[in-house]
Amino acid sequence: AEGTKVGFYESQNLKEWRYTGSFQTENIGIIECPDLYKMRADDGTYKWVLGASANGKGTGKPNTYAYWTGSFNGNEFTADEAEPQ
């Protein structure tokens, strides 16, 4: 996590990294410890889930866990909805 955004990187050797994209959050404070994984829904379709701890205390919001469902093209995550769950 990078403040209020999640950065995505790639590496061929796990030593040299290249920035490929990001996902910007809004109005939930600093985000930490992001997770990105693919999950199968009951109807058999797949969605990507991006989750992160949200530290909103500095902005008067609660500390919580937030997640978004959406798509991931290997470089950037696109959320189905702007507001997290």
# chains A, B, ... in the order shown; residues from 1 in each chain; ligands from 1

$ residues_around --residues "range 64-69 of chain A" --least-positions-apart "5" --cutoff "12 Å" --atoms "only C-alpha atoms" --output "ChimeraX atom specification"
/A:23-41,46-57,77-85

$ select_by_dssp --residues "chain A" --states "strand (DSSP E or B)" --output "number ranges by chain"
A: 2, 5-10, 18-24, 30-40, 46-55, 63-72, 77-79

$ write_last_selection --atoms "C-alpha atoms" --output "CSV table (one decimal), in the first residue's frame"
chain,number,residue,atom,x,y,z
A,2,GLU,CA,1.1,3.5,-0.7
A,5,LYS,CA,-3.6,3.7,-3.0
A,6,VAL,CA,-2.5,0.2,-3.8
A,7,GLY,CA,0.5,-0.1,-6.2
A,8,PHE,CA,1.0,-3.0,-8.5
A,9,TYR,CA,4.4,-4.2,-9.5
A,10,GLU,CA,6.0,-7.0,-11.5
A,18,ARG,CA,8.6,-2.4,-12.3
A,19,TYR,CA,5.5,-0.3,-11.4
A,20,THR,CA,2.5,-1.4,-13.6
A,21,GLY,CA,-0.5,0.4,-12.1
A,22,SER,CA,-2.5,1.4,-9.1
A,23,PHE,CA,-5.9,1.5,-7.4
A,24,GLN,CA,-6.8,4.7,-5.7
A,30,ILE,CA,-4.5,5.3,4.9
A,31,ILE,CA,-4.7,1.7,3.7
A,32,GLU,CA,-2.3,-1.1,4.7
A,33,CYS,CA,-1.6,-4.8,4.0
A,34,PRO,CA,-3.6,-5.2,0.8
A,35,ASP,CA,-4.6,-8.6,-0.5
A,36,LEU,CA,-5.7,-9.4,-4.1
A,37,TYR,CA,-7.2,-12.7,-4.9
A,38,LYS,CA,-9.7,-14.4,-7.4
A,39,MET,CA,-12.9,-15.9,-6.0
A,40,ARG,CA,-15.6,-18.0,-7.5
A,46,TYR,CA,-15.1,-15.4,-11.0
A,47,LYS,CA,-14.4,-12.0,-9.4
A,48,TRP,CA,-11.3,-10.4,-8.1
A,49,VAL,CA,-11.4,-9.2,-4.6
A,50,LEU,CA,-9.1,-6.4,-3.3
A,51,GLY,CA,-9.1,-6.0,0.4
A,52,ALA,CA,-7.0,-3.8,2.8
A,53,SER,CA,-6.9,-2.6,6.4
A,54,ALA,CA,-8.2,1.0,6.4
A,55,ASN,CA,-6.8,3.4,9.1
A,63,ASN,CA,-10.2,1.6,11.6
A,64,THR,CA,-11.7,-1.2,9.6
A,65,TYR,CA,-11.2,-3.7,6.8
A,66,ALA,CA,-12.4,-2.7,3.4
A,67,TYR,CA,-12.8,-4.7,0.2
A,68,TRP,CA,-13.9,-4.2,-3.4
A,69,THR,CA,-14.9,-6.7,-6.0
A,70,GLY,CA,-14.0,-6.1,-9.6
A,71,SER,CA,-11.6,-7.1,-12.4
A,72,PHE,CA,-7.8,-7.3,-12.6
A,77,PHE,CA,-7.6,-3.4,-10.5
A,78,THR,CA,-11.0,-1.9,-11.6
A,79,ALA,CA,-13.7,-1.9,-8.9

$ decode --residues "range 6-26 of chain A" --atoms "N, CA and C atoms" --output "mmCIF file, in the first residue's frame"
data_model
loop_
_atom_site.group_PDB
_atom_site.id
_atom_site.type_symbol
_atom_site.label_atom_id
_atom_site.label_comp_id
_atom_site.auth_asym_id
_atom_site.auth_seq_id
_atom_site.Cartn_x
_atom_site.Cartn_y
_atom_site.Cartn_z
ATOM 1 N N VAL A 6 -3.178 1.478 -3.697
ATOM 2 C CA VAL A 6 -2.466 0.206 -3.774
ATOM 3 C C VAL A 6 -1.677 0.225 -5.069
ATOM 4 N N GLY A 7 -0.377 -0.002 -4.978
ATOM 5 C CA GLY A 7 0.467 -0.055 -6.171
ATOM 6 C C GLY A 7 0.660 -1.491 -6.619
ATOM 7 N N PHE A 8 0.719 -1.692 -7.931
ATOM 8 C CA PHE A 8 0.969 -3.016 -8.498
ATOM 9 C C PHE A 8 2.312 -2.998 -9.199
ATOM 10 N N TYR A 9 3.083 -4.050 -8.986
ATOM 11 C CA TYR A 9 4.438 -4.155 -9.528
ATOM 12 C C TYR A 9 4.637 -5.546 -10.117
ATOM 13 N N GLU A 10 5.630 -5.666 -11.002
ATOM 14 C CA GLU A 10 6.006 -6.974 -11.523
ATOM 15 C C GLU A 10 7.519 -7.104 -11.518
ATOM 16 N N SER A 11 7.978 -8.358 -11.490
ATOM 17 C CA SER A 11 9.409 -8.618 -11.462
ATOM 18 C C SER A 11 9.705 -9.949 -12.139
ATOM 19 N N GLN A 12 10.787 -10.000 -12.880
ATOM 20 C CA GLN A 12 11.241 -11.243 -13.494
ATOM 21 C C GLN A 12 12.138 -12.034 -12.543
ATOM 22 N N ASN A 13 12.806 -11.326 -11.609
ATOM 23 C CA ASN A 13 13.797 -11.985 -10.756
ATOM 24 C C ASN A 13 13.590 -11.750 -9.252
ATOM 25 N N LEU A 14 12.538 -11.069 -8.885
ATOM 26 C CA LEU A 14 12.205 -10.729 -7.493
ATOM 27 C C LEU A 14 13.234 -9.812 -6.834
ATOM 28 N N LYS A 15 14.083 -9.187 -7.651
ATOM 29 C CA LYS A 15 15.053 -8.205 -7.150
ATOM 30 C C LYS A 15 14.818 -6.838 -7.769
ATOM 31 N N GLU A 16 14.480 -6.826 -9.031
ATOM 32 C CA GLU A 16 14.218 -5.583 -9.761
ATOM 33 C C GLU A 16 12.727 -5.539 -10.077
ATOM 34 N N TRP A 17 12.093 -4.442 -9.655
ATOM 35 C CA TRP A 17 10.642 -4.329 -9.774
ATOM 36 C C TRP A 17 10.252 -3.184 -10.690
ATOM 37 N N ARG A 18 9.157 -3.380 -11.418
ATOM 38 C CA ARG A 18 8.623 -2.359 -12.320
ATOM 39 C C ARG A 18 7.171 -2.071 -11.928
ATOM 40 N N TYR A 19 6.872 -0.789 -11.747
ATOM 41 C CA TYR A 19 5.524 -0.336 -11.407
ATOM 42 C C TYR A 19 4.621 -0.535 -12.623
ATOM 43 N N THR A 20 3.440 -1.161 -12.429
ATOM 44 C CA THR A 20 2.539 -1.407 -13.558
ATOM 45 C C THR A 20 1.207 -0.684 -13.443
ATOM 46 N N GLY A 21 0.791 -0.300 -12.240
ATOM 47 C CA GLY A 21 -0.492 0.376 -12.097
ATOM 48 C C GLY A 21 -0.869 0.549 -10.642
ATOM 49 N N SER A 22 -2.070 1.108 -10.429
ATOM 50 C CA SER A 22 -2.503 1.357 -9.058
ATOM 51 C C SER A 22 -4.020 1.350 -8.950
ATOM 52 N N PHE A 23 -4.492 1.317 -7.717
ATOM 53 C CA PHE A 23 -5.904 1.470 -7.396
ATOM 54 C C PHE A 23 -5.995 2.522 -6.305
ATOM 55 N N GLN A 24 -6.678 3.615 -6.587
ATOM 56 C CA GLN A 24 -6.796 4.740 -5.661
ATOM 57 C C GLN A 24 -8.063 4.605 -4.828
ATOM 58 N N THR A 25 -7.933 4.711 -3.502
ATOM 59 C CA THR A 25 -9.103 4.675 -2.624
ATOM 60 C C THR A 25 -9.523 6.104 -2.292
ATOM 61 N N GLU A 26 -10.751 6.259 -1.832
ATOM 62 C CA GLU A 26 -11.285 7.578 -1.493
ATOM 63 C C GLU A 26 -11.941 7.549 -0.116
#
